[in-house]
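Comments concern the structure below.
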Amino acid sequence: MARWREFLPVTDATPFISLNEGSTPLIHSPKLSARVGRGCEVFIKYEGLNPTGSFKDRGMTMALSKAVEAGSQAVICASTGNTSAAAAAYAARAGVACIVLLPAGKIAFGKLAQAFMYGAKVVAIEGNFDDALRLVREIGETEPIAIVNSINPFRLEGQKTASFEIIEVLGDAPDIHVLPVGNAGNISAYWMGYREFHKLGRATKLPKMTGFQAAGSAPIFYGKVVEKPDTIATAIRIGNPASWDMANAAIRDSGGSIDIVTDAEILFAQQWLAANEGIFVEPASAASIAGLFKCLGSAPCATCPFPQIAEGSKIVCTVTGHGLKDPDIAREQCGSVIPAKADKTEILRLIAG
Ligand code: F0G
């Protein structure tokens with residue numbers, strides 16, 4: 001992230017609270033490219049390889065650096081798990097207190113383990129993410145605690161650097177960018193980054209921003225708040241996204257689209273990506289791959305950019321978090337072990353079967 005300093009709202013007085021986040025790989029996918037056809041190429045931006053295993057680290061380095069610069073002694077966030085893991089880690093690094101408000105019972109275990117180990121104060125509320133964020137806003141109004149959710153503008157500033165990296169590797173912006181949408185900060189941040197580099201002449205074009213929500217948690221797609229959001233992809237189980245307007249603007253201004261994928265489609269895509277490309281991501285992250293499959297199938301949404309895709313187009317799918325974040329899903333989805341005696345003959349017989 002340090003190499004993008006000139007594009008970030010920092011000065012020499014800003015401390016640099018960093019864990020060497022960013023510079024994640026942009027992995028070419030031959031199998032997905034073949035599925036799209038017409039000489040198009042698909043790349044996967046693997047954000048699970050950030051220090052705490054998700055894209056949130058890009059924003060959190062900025063949020064904590066600015067909070068410490070402003071003299072904050074404590075930070076707070078609402079989270080479906082990844083923001084809290086990142087906040088807890090960067091707060092630990094900065095030596096400030098961290099409080100996280102989580103929807104009770106709806107956080108993947110890996111993320112909870114991170115918040116505990118990084119030493120955050122973990123509060124599990126009876127309510128969903130939207131309730132937790134409302135409470136965080138209220139606490140921020142009266143208490144001297146910095147809010148590090150994406151309503152903190154420094155978060156999106158940090159997250160926009162993923163677009164810079166993609167332009168750097170591809171030599172230009174892609175034609176289509178596909179990503180999961182929850183609280184809608186990330187799609188807004190990518191769009192900010194793409195526009196910034198386009199304006200500076202570092203990219204000749206802008207991608208069509210193509211977002212996917214989980215079918216049971218799709219307020220932007222349906223155009224109304226979802227009171228009881230529901231999905232197996234707990235990271236994007238959000239009914240009233242904070243960056244709703246910005247996301248709508250990104251989708252509209254880029255000529256992109258917003259669509260939904262079912263839990264079954266998400267789980268299929270998660271397993272497909274792991275088993276076919278060796279990239280293990282958490283369910284919410286697989287929404288982008290599920291979305292790509294939907295775009296290529298028989299029922300894409302009315303504004304889907306894929307039917308008009310030009311030959312040789314470049315498509316980037318962001319996968320936002322590491323698969324190990326949610327070990328229970330993996331256990332439920334796949335396999336059982338094959339019990340065997342410590343005996344070569346028996347093992348050979350079993351693996352041949
Ligand atoms: N993917 C993952 C793995 C996430 O954790 C999130 C959001 C998203 C996608 C959606 O990104 O909110 O910018 O549209 N997680 C937040 C959290 C809400 O608390 O960790 P978004």
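Chain labels run A, B, ... following the order of the structure tokens; each chain numbers its residues from 1, and ligands are numbered from 1 in the order shown.
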
*Quick one: residues within 6 Å of ligand 1, with only C-alpha atoms and all ligand atoms, as a ChimeraX atom specification?*
/A:79-83,180-186,235-236,284-285,320-321

Any chance you can output those residues with all heavy atoms as a compact mmCIF listing (two decimals), in the first residue's frame?
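Final output, saved to part-v2.txt:
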# COMPACT_ATOMS: atom_id res chain seq x y z
N SER A 79 -19.79 -5.50 12.13
CA SER A 79 -19.20 -6.35 11.10
C SER A 79 -19.92 -7.67 10.94
O SER A 79 -20.51 -8.21 11.88
CB SER A 79 -17.73 -6.61 11.42
OG SER A 79 -17.14 -7.38 10.39
N THR A 80 -19.84 -8.18 9.71
CA THR A 80 -20.24 -9.57 9.47
C THR A 80 -19.01 -10.48 9.62
O THR A 80 -19.07 -11.65 9.29
CB THR A 80 -20.86 -9.72 8.06
OG1 THR A 80 -19.92 -9.25 7.09
CG2 THR A 80 -22.16 -8.93 7.94
N GLY A 81 -17.90 -9.92 10.08
CA GLY A 81 -16.75 -10.75 10.43
C GLY A 81 -15.40 -10.29 9.89
O GLY A 81 -14.42 -10.28 10.62
N ASN A 82 -15.35 -9.91 8.64
CA ASN A 82 -14.05 -9.56 8.07
C ASN A 82 -13.57 -8.17 8.48
O ASN A 82 -12.39 -7.97 8.76
CB ASN A 82 -14.09 -9.67 6.54
CG ASN A 82 -13.99 -11.11 6.10
OD1 ASN A 82 -13.26 -11.89 6.70
ND2 ASN A 82 -14.74 -11.48 5.07
N THR A 83 -14.50 -7.23 8.52
CA THR A 83 -14.12 -5.89 8.97
C THR A 83 -13.61 -5.96 10.41
O THR A 83 -12.61 -5.32 10.77
CB THR A 83 -15.32 -4.92 8.88
OG1 THR A 83 -15.69 -4.80 7.51
CG2 THR A 83 -14.98 -3.54 9.43
N PRO A 180 -18.73 -9.31 -5.49
CA PRO A 180 -19.86 -9.44 -4.57
C PRO A 180 -20.19 -8.10 -3.93
O PRO A 180 -19.30 -7.26 -3.76
CB PRO A 180 -19.35 -10.42 -3.50
CG PRO A 180 -17.88 -10.47 -3.64
CD PRO A 180 -17.49 -9.89 -4.95
N VAL A 181 -21.45 -7.93 -3.56
CA VAL A 181 -21.87 -6.67 -2.94
C VAL A 181 -22.62 -6.97 -1.64
O VAL A 181 -23.54 -7.79 -1.63
CB VAL A 181 -22.79 -5.87 -3.91
CG1 VAL A 181 -23.34 -4.63 -3.21
CG2 VAL A 181 -22.01 -5.47 -5.16
N GLY A 182 -22.17 -6.29 -0.57
CA GLY A 182 -22.85 -6.43 0.72
C GLY A 182 -23.24 -5.06 1.23
O GLY A 182 -24.32 -4.54 0.94
N ASN A 183 -22.31 -4.43 1.95
CA ASN A 183 -22.55 -3.07 2.43
C ASN A 183 -22.26 -2.04 1.33
O ASN A 183 -22.40 -0.86 1.53
CB ASN A 183 -21.69 -2.82 3.67
CG ASN A 183 -22.33 -1.86 4.65
OD1 ASN A 183 -23.55 -1.72 4.69
ND2 ASN A 183 -21.52 -1.19 5.44
N ALA A 184 -21.77 -2.54 0.21
CA ALA A 184 -21.60 -1.78 -1.04
C ALA A 184 -20.42 -0.80 -1.04
O ALA A 184 -20.31 0.04 -1.95
CB ALA A 184 -22.89 -1.07 -1.42
N GLY A 185 -19.54 -0.93 -0.06
CA GLY A 185 -18.36 -0.07 -0.04
C GLY A 185 -17.35 -0.45 -1.10
O GLY A 185 -16.75 0.42 -1.75
N ASN A 186 -17.17 -1.75 -1.30
CA ASN A 186 -16.08 -2.17 -2.18
C ASN A 186 -16.34 -1.82 -3.64
O ASN A 186 -15.44 -1.35 -4.33
CB ASN A 186 -15.84 -3.68 -2.02
CG ASN A 186 -14.39 -4.06 -2.23
OD1 ASN A 186 -13.49 -3.25 -2.00
ND2 ASN A 186 -14.15 -5.27 -2.66
N ALA A 235 -21.06 -13.07 5.19
CA ALA A 235 -20.32 -11.81 5.02
C ALA A 235 -21.16 -10.75 4.31
O ALA A 235 -20.97 -9.56 4.51
CB ALA A 235 -19.03 -12.05 4.24
N ILE A 236 -22.10 -11.20 3.47
CA ILE A 236 -22.92 -10.23 2.71
C ILE A 236 -24.40 -10.33 3.12
O ILE A 236 -25.30 -10.04 2.34
CB ILE A 236 -22.74 -10.38 1.17
CG1 ILE A 236 -22.93 -11.84 0.72
CG2 ILE A 236 -21.37 -9.86 0.76
CD1 ILE A 236 -22.93 -12.02 -0.81
N ALA A 284 -19.19 -15.76 0.42
CA ALA A 284 -19.53 -14.43 -0.12
C ALA A 284 -18.65 -14.09 -1.33
O ALA A 284 -19.11 -13.50 -2.31
CB ALA A 284 -19.36 -13.36 0.96
N SER A 285 -17.39 -14.47 -1.25
CA SER A 285 -16.45 -14.17 -2.33
C SER A 285 -16.84 -14.90 -3.60
O SER A 285 -16.65 -14.39 -4.72
CB SER A 285 -15.04 -14.59 -1.93
OG SER A 285 -14.70 -14.04 -0.69
N THR A 320 -13.13 -11.92 -2.49
CA THR A 320 -12.85 -10.96 -1.42
C THR A 320 -12.22 -11.53 -0.15
O THR A 320 -11.56 -10.81 0.58
CB THR A 320 -14.19 -10.29 -1.05
OG1 THR A 320 -15.20 -11.32 -1.01
CG2 THR A 320 -14.59 -9.25 -2.07
N GLY A 321 -12.46 -12.82 0.12
CA GLY A 321 -11.95 -13.37 1.39
C GLY A 321 -11.53 -14.82 1.27
O GLY A 321 -12.02 -15.57 0.42

Mind running region 81-191 of chain A against region 71-75 of chain A at 10 Å and telling me each contacting residue's nearest atom pair with the distance in Å (one decimal), counting only C-alpha atoms, chain and number ascending, as CSV?
residue,atom,partner,partner_atom,distance
A:Ala87,CA,A:Val75,CA,7.8
A:Ala88,CA,A:Val75,CA,8.9
A:Ala91,CA,A:Val75,CA,7.4
A:Ala94,CA,A:Gln73,CA,9.5
A:Gly95,CA,A:Gln73,CA,8.3
A:Val96,CA,A:Gln73,CA,5.1
A:Ala97,CA,A:Ala74,CA,4.4
A:Cys98,CA,A:Val75,CA,5.0
A:Ile99,CA,A:Val75,CA,6.3
A:Val100,CA,A:Val75,CA,8.5
A:Ala120,CA,A:Val75,CA,9.8
A:Gly140,CA,A:Val75,CA,9.4
A:Glu143,CA,A:Ala74,CA,9.9
A:Pro144,CA,A:Ser72,CA,7.4
A:Ile145,CA,A:Ala74,CA,5.2
A:Ala146,CA,A:Val75,CA,4.6
A:Ile147,CA,A:Val75,CA,5.8
A:Val148,CA,A:Val75,CA,6.5
A:Asn149,CA,A:Val75,CA,9.6

Could you please take those selected residues and save all heavy atoms as a short mmCIF file (atom, residue, chain, number, x, y, z; two decimals), in the first residue's frame?
data_model
loop_
_atom_site.label_atom_id
_atom_site.label_comp_id
_atom_site.auth_asym_id
_atom_site.auth_seq_id
_atom_site.Cartn_x
_atom_site.Cartn_y
_atom_site.Cartn_z
N ALA A 87 -10.06 -4.79 11.64
CA ALA A 87 -9.99 -3.71 12.62
C ALA A 87 -9.19 -4.16 13.84
O ALA A 87 -8.34 -3.43 14.35
CB ALA A 87 -11.40 -3.29 13.04
N ALA A 88 -9.46 -5.39 14.29
CA ALA A 88 -8.78 -5.90 15.49
C ALA A 88 -7.27 -6.02 15.25
O ALA A 88 -6.46 -5.66 16.11
CB ALA A 88 -9.37 -7.25 15.88
N ALA A 91 -5.73 -2.47 14.88
CA ALA A 91 -5.75 -1.78 16.18
C ALA A 91 -4.65 -2.35 17.07
O ALA A 91 -3.96 -1.61 17.78
CB ALA A 91 -7.12 -1.95 16.84
N ALA A 94 -1.50 -0.90 16.02
CA ALA A 94 -1.39 0.52 16.39
C ALA A 94 -1.32 0.73 17.89
O ALA A 94 -0.97 1.81 18.36
CB ALA A 94 -2.60 1.27 15.82
N GLY A 95 -1.71 -0.30 18.65
CA GLY A 95 -1.72 -0.15 20.11
C GLY A 95 -2.91 0.63 20.62
O GLY A 95 -2.84 1.31 21.64
N VAL A 96 -4.05 0.53 19.92
CA VAL A 96 -5.28 1.16 20.41
C VAL A 96 -6.33 0.07 20.65
O VAL A 96 -6.23 -1.04 20.13
CB VAL A 96 -5.83 2.24 19.44
CG1 VAL A 96 -4.80 3.33 19.19
CG2 VAL A 96 -6.29 1.62 18.11
N ALA A 97 -7.35 0.42 21.44
CA ALA A 97 -8.39 -0.56 21.77
C ALA A 97 -9.33 -0.74 20.58
O ALA A 97 -9.49 0.15 19.76
CB ALA A 97 -9.17 -0.09 22.99
N CYS A 98 -9.93 -1.92 20.52
CA CYS A 98 -10.86 -2.21 19.42
C CYS A 98 -12.11 -2.89 19.98
O CYS A 98 -12.01 -3.86 20.72
CB CYS A 98 -10.19 -3.12 18.40
SG CYS A 98 -11.26 -3.59 17.02
N ILE A 99 -13.26 -2.34 19.58
CA ILE A 99 -14.54 -2.93 19.98
C ILE A 99 -15.26 -3.34 18.70
O ILE A 99 -15.33 -2.54 17.75
CB ILE A 99 -15.41 -1.91 20.76
CG1 ILE A 99 -14.64 -1.41 21.98
CG2 ILE A 99 -16.75 -2.51 21.16
CD1 ILE A 99 -14.56 0.08 22.07
N VAL A 100 -15.77 -4.55 18.67
CA VAL A 100 -16.49 -4.99 17.47
C VAL A 100 -17.90 -5.43 17.86
O VAL A 100 -18.09 -6.14 18.85
CB VAL A 100 -15.74 -6.09 16.69
CG1 VAL A 100 -14.36 -5.62 16.31
CG2 VAL A 100 -15.62 -7.39 17.46
N ALA A 120 -9.56 -8.02 20.44
CA ALA A 120 -10.67 -7.06 20.43
C ALA A 120 -11.68 -7.39 21.52
O ALA A 120 -11.73 -8.53 22.00
CB ALA A 120 -11.37 -7.10 19.07
N GLY A 140 -20.74 6.34 18.11
CA GLY A 140 -19.77 7.31 17.58
C GLY A 140 -20.17 8.76 17.81
O GLY A 140 -19.32 9.65 17.88
N GLU A 143 -19.46 9.03 21.99
CA GLU A 143 -18.23 8.54 22.64
C GLU A 143 -16.99 8.91 21.81
O GLU A 143 -17.07 9.02 20.59
CB GLU A 143 -18.29 7.00 22.80
CG GLU A 143 -19.56 6.48 23.45
CD GLU A 143 -19.84 7.11 24.80
OE1 GLU A 143 -18.91 7.20 25.62
OE2 GLU A 143 -21.00 7.52 25.04
N PRO A 144 -15.85 9.05 22.49
CA PRO A 144 -14.61 9.39 21.76
C PRO A 144 -13.96 8.15 21.14
O PRO A 144 -12.83 7.80 21.45
CB PRO A 144 -13.73 9.98 22.88
CG PRO A 144 -14.16 9.26 24.11
CD PRO A 144 -15.62 8.93 23.95
N ILE A 145 -14.73 7.49 20.29
CA ILE A 145 -14.26 6.24 19.66
C ILE A 145 -14.40 6.40 18.14
O ILE A 145 -15.47 6.78 17.66
CB ILE A 145 -15.11 5.03 20.13
CG1 ILE A 145 -15.17 4.95 21.66
CG2 ILE A 145 -14.56 3.73 19.57
CD1 ILE A 145 -16.06 3.84 22.21
N ALA A 146 -13.33 6.12 17.41
CA ALA A 146 -13.37 6.31 15.95
C ALA A 146 -14.09 5.14 15.28
O ALA A 146 -13.80 3.98 15.56
CB ALA A 146 -11.95 6.43 15.41
N ILE A 147 -15.02 5.47 14.40
CA ILE A 147 -15.74 4.43 13.65
C ILE A 147 -14.89 4.02 12.45
O ILE A 147 -14.44 4.86 11.67
CB ILE A 147 -17.12 4.95 13.18
CG1 ILE A 147 -18.00 5.31 14.39
CG2 ILE A 147 -17.81 3.93 12.28
CD1 ILE A 147 -19.33 5.95 14.03
N VAL A 148 -14.66 2.72 12.30
CA VAL A 148 -13.83 2.25 11.18
C VAL A 148 -14.63 1.38 10.20
O VAL A 148 -14.05 0.59 9.47
CB VAL A 148 -12.53 1.55 11.66
CG1 VAL A 148 -11.62 2.56 12.35
CG2 VAL A 148 -12.83 0.37 12.60
N ASN A 149 -15.93 1.54 10.21
CA ASN A 149 -16.74 0.94 9.13
C ASN A 149 -16.52 1.77 7.87
O ASN A 149 -15.91 2.84 7.90
CB ASN A 149 -18.22 0.93 9.51
CG ASN A 149 -18.57 -0.27 10.38
OD1 ASN A 149 -18.77 -0.13 11.58
ND2 ASN A 149 -18.61 -1.44 9.76
#

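In this comparison, which uses only C-alpha atoms, the residue of A:Arg3, A:Arg58, A:Lys325, A:Arg93 approaching Gln159 (chain A) most closely is A:Arg58.
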
*Please provide the set of residues having any atom within 9 Å of Glu165 (chain A), restricted to only C-alpha atoms, with same-chain residues fewer than 5 positions apart removed, written as a VMD selection string.*
chain A and resid 22 to 24 26 170

*asked:* Give me, as a list in words, all polymer residues having an atom no more than 8 Å from Thr318 (chain A), counting only C-alpha atoms and skipping those fewer than 4 positions away in the same chain.
replied: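 In the requested form, the answer reads Ile44, Lys45, Tyr46, Glu47, His177, Val178, Leu179, Pro180, Ser285 and Ser288 of chain A.
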
Put those residues in a file: all heavy atoms, as a PDB file, in the first residue's frame.
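Written file, out-v8.pdb:
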ATOM      1  N   ILE A  44      -8.628 -13.431 -11.779  1.00  0.00           N
ATOM      2  CA  ILE A  44      -9.192 -13.440 -10.424  1.00  0.00           C
ATOM      3  C   ILE A  44      -8.296 -12.636  -9.493  1.00  0.00           C
ATOM      4  O   ILE A  44      -7.106 -12.940  -9.351  1.00  0.00           O
ATOM      5  CB  ILE A  44      -9.343 -14.889  -9.928  1.00  0.00           C
ATOM      6  CG1 ILE A  44     -10.367 -15.605 -10.825  1.00  0.00           C
ATOM      7  CG2 ILE A  44      -9.791 -14.929  -8.472  1.00  0.00           C
ATOM      8  CD1 ILE A  44     -10.384 -17.089 -10.657  1.00  0.00           C
ATOM      9  N   LYS A  45      -8.869 -11.610  -8.890  1.00  0.00           N
ATOM     10  CA  LYS A  45      -8.114 -10.803  -7.925  1.00  0.00           C
ATOM     11  C   LYS A  45      -8.330 -11.450  -6.559  1.00  0.00           C
ATOM     12  O   LYS A  45      -9.413 -11.344  -5.959  1.00  0.00           O
ATOM     13  CB  LYS A  45      -8.621  -9.354  -7.965  1.00  0.00           C
ATOM     14  CG  LYS A  45      -7.873  -8.393  -7.058  1.00  0.00           C
ATOM     15  CD  LYS A  45      -6.462  -8.124  -7.512  1.00  0.00           C
ATOM     16  CE  LYS A  45      -5.830  -6.960  -6.738  1.00  0.00           C
ATOM     17  NZ  LYS A  45      -4.349  -6.999  -6.836  1.00  0.00           N
ATOM     18  N   TYR A  46      -7.290 -12.117  -6.066  1.00  0.00           N
ATOM     19  CA  TYR A  46      -7.421 -12.977  -4.879  1.00  0.00           C
ATOM     20  C   TYR A  46      -7.122 -12.188  -3.609  1.00  0.00           C
ATOM     21  O   TYR A  46      -6.013 -12.210  -3.084  1.00  0.00           O
ATOM     22  CB  TYR A  46      -6.475 -14.162  -5.028  1.00  0.00           C
ATOM     23  CG  TYR A  46      -6.703 -15.303  -4.057  1.00  0.00           C
ATOM     24  CD1 TYR A  46      -7.833 -15.391  -3.255  1.00  0.00           C
ATOM     25  CD2 TYR A  46      -5.771 -16.334  -3.961  1.00  0.00           C
ATOM     26  CE1 TYR A  46      -8.027 -16.446  -2.386  1.00  0.00           C
ATOM     27  CE2 TYR A  46      -5.950 -17.402  -3.094  1.00  0.00           C
ATOM     28  CZ  TYR A  46      -7.081 -17.447  -2.310  1.00  0.00           C
ATOM     29  OH  TYR A  46      -7.267 -18.499  -1.442  1.00  0.00           O
ATOM     30  N   GLU A  47      -8.146 -11.536  -3.094  1.00  0.00           N
ATOM     31  CA  GLU A  47      -7.983 -10.669  -1.932  1.00  0.00           C
ATOM     32  C   GLU A  47      -7.884 -11.436  -0.610  1.00  0.00           C
ATOM     33  O   GLU A  47      -7.559 -10.854   0.422  1.00  0.00           O
ATOM     34  CB  GLU A  47      -9.131  -9.659  -1.878  1.00  0.00           C
ATOM     35  CG  GLU A  47      -9.033  -8.589  -2.964  1.00  0.00           C
ATOM     36  CD  GLU A  47      -7.911  -7.601  -2.679  1.00  0.00           C
ATOM     37  OE1 GLU A  47      -8.149  -6.645  -1.916  1.00  0.00           O
ATOM     38  OE2 GLU A  47      -6.793  -7.797  -3.217  1.00  0.00           O
ATOM     39  N   HIS A 177     -15.797  -5.666 -14.596  1.00  0.00           N
ATOM     40  CA  HIS A 177     -15.328  -6.054 -13.263  1.00  0.00           C
ATOM     41  C   HIS A 177     -16.517  -6.637 -12.503  1.00  0.00           C
ATOM     42  O   HIS A 177     -17.536  -5.975 -12.345  1.00  0.00           O
ATOM     43  CB  HIS A 177     -14.743  -4.849 -12.518  1.00  0.00           C
ATOM     44  CG  HIS A 177     -14.005  -5.256 -11.286  1.00  0.00           C
ATOM     45  ND1 HIS A 177     -12.684  -4.963 -11.056  1.00  0.00           N
ATOM     46  CD2 HIS A 177     -14.396  -6.006 -10.224  1.00  0.00           C
ATOM     47  CE1 HIS A 177     -12.300  -5.495  -9.906  1.00  0.00           C
ATOM     48  NE2 HIS A 177     -13.328  -6.127  -9.388  1.00  0.00           N
ATOM     49  N   VAL A 178     -16.360  -7.857 -12.029  1.00  0.00           N
ATOM     50  CA  VAL A 178     -17.444  -8.561 -11.326  1.00  0.00           C
ATOM     51  C   VAL A 178     -17.061  -8.697  -9.851  1.00  0.00           C
ATOM     52  O   VAL A 178     -15.937  -9.127  -9.549  1.00  0.00           O
ATOM     53  CB  VAL A 178     -17.666  -9.969 -11.925  1.00  0.00           C
ATOM     54  CG1 VAL A 178     -18.899 -10.624 -11.303  1.00  0.00           C
ATOM     55  CG2 VAL A 178     -17.805  -9.914 -13.444  1.00  0.00           C
ATOM     56  N   LEU A 179     -17.990  -8.355  -8.956  1.00  0.00           N
ATOM     57  CA  LEU A 179     -17.667  -8.524  -7.530  1.00  0.00           C
ATOM     58  C   LEU A 179     -18.916  -8.686  -6.670  1.00  0.00           C
ATOM     59  O   LEU A 179     -20.012  -8.299  -7.075  1.00  0.00           O
ATOM     60  CB  LEU A 179     -16.784  -7.380  -7.024  1.00  0.00           C
ATOM     61  CG  LEU A 179     -17.337  -5.997  -6.722  1.00  0.00           C
ATOM     62  CD1 LEU A 179     -16.286  -5.130  -6.062  1.00  0.00           C
ATOM     63  CD2 LEU A 179     -17.851  -5.338  -7.962  1.00  0.00           C
ATOM     64  N   PRO A 180     -18.729  -9.310  -5.486  1.00  0.00           N
ATOM     65  CA  PRO A 180     -19.860  -9.444  -4.570  1.00  0.00           C
ATOM     66  C   PRO A 180     -20.190  -8.098  -3.933  1.00  0.00           C
ATOM     67  O   PRO A 180     -19.299  -7.262  -3.763  1.00  0.00           O
ATOM     68  CB  PRO A 180     -19.354 -10.420  -3.505  1.00  0.00           C
ATOM     69  CG  PRO A 180     -17.879 -10.465  -3.637  1.00  0.00           C
ATOM     70  CD  PRO A 180     -17.493  -9.889  -4.952  1.00  0.00           C
ATOM     71  N   SER A 285     -17.392 -14.472  -1.247  1.00  0.00           N
ATOM     72  CA  SER A 285     -16.451 -14.172  -2.328  1.00  0.00           C
ATOM     73  C   SER A 285     -16.837 -14.903  -3.602  1.00  0.00           C
ATOM     74  O   SER A 285     -16.649 -14.389  -4.716  1.00  0.00           O
ATOM     75  CB  SER A 285     -15.039 -14.593  -1.928  1.00  0.00           C
ATOM     76  OG  SER A 285     -14.698 -14.036  -0.687  1.00  0.00           O
ATOM     77  N   SER A 288     -19.051 -13.646  -6.813  1.00  0.00           N
ATOM     78  CA  SER A 288     -18.597 -13.064  -8.090  1.00  0.00           C
ATOM     79  C   SER A 288     -18.463 -14.157  -9.158  1.00  0.00           C
ATOM     80  O   SER A 288     -18.834 -13.951 -10.312  1.00  0.00           O
ATOM     81  CB  SER A 288     -17.281 -12.298  -7.919  1.00  0.00           C
ATOM     82  OG  SER A 288     -16.263 -13.141  -7.429  1.00  0.00           O
TER      83      SER A 288
END

*So which residues touch Ala250 (chain A) within 12 Å, counting only C-alpha atoms, skipping near sequence neighbours fewer than 5 positions away, as a list in words?*
His177, Ala184, Gly185, Asn186, Ile187, Ser188, Ala189, Tyr190, Trp191, Met192, Gly193, Tyr194, Arg195, Leu206, Pro207, Lys208, Met209, Thr210, Gly211, Ser243, Trp244, Asp245, Gly255, Gly256, Ser257 and Ile258 of chain A

*Residues at most 12 Å from region 351-353 of chain A, counting only C-alpha atoms, excluding those fewer than 3 positions away in the same chain, as a ChimeraX atom specification?*
/A:337-340,344-348
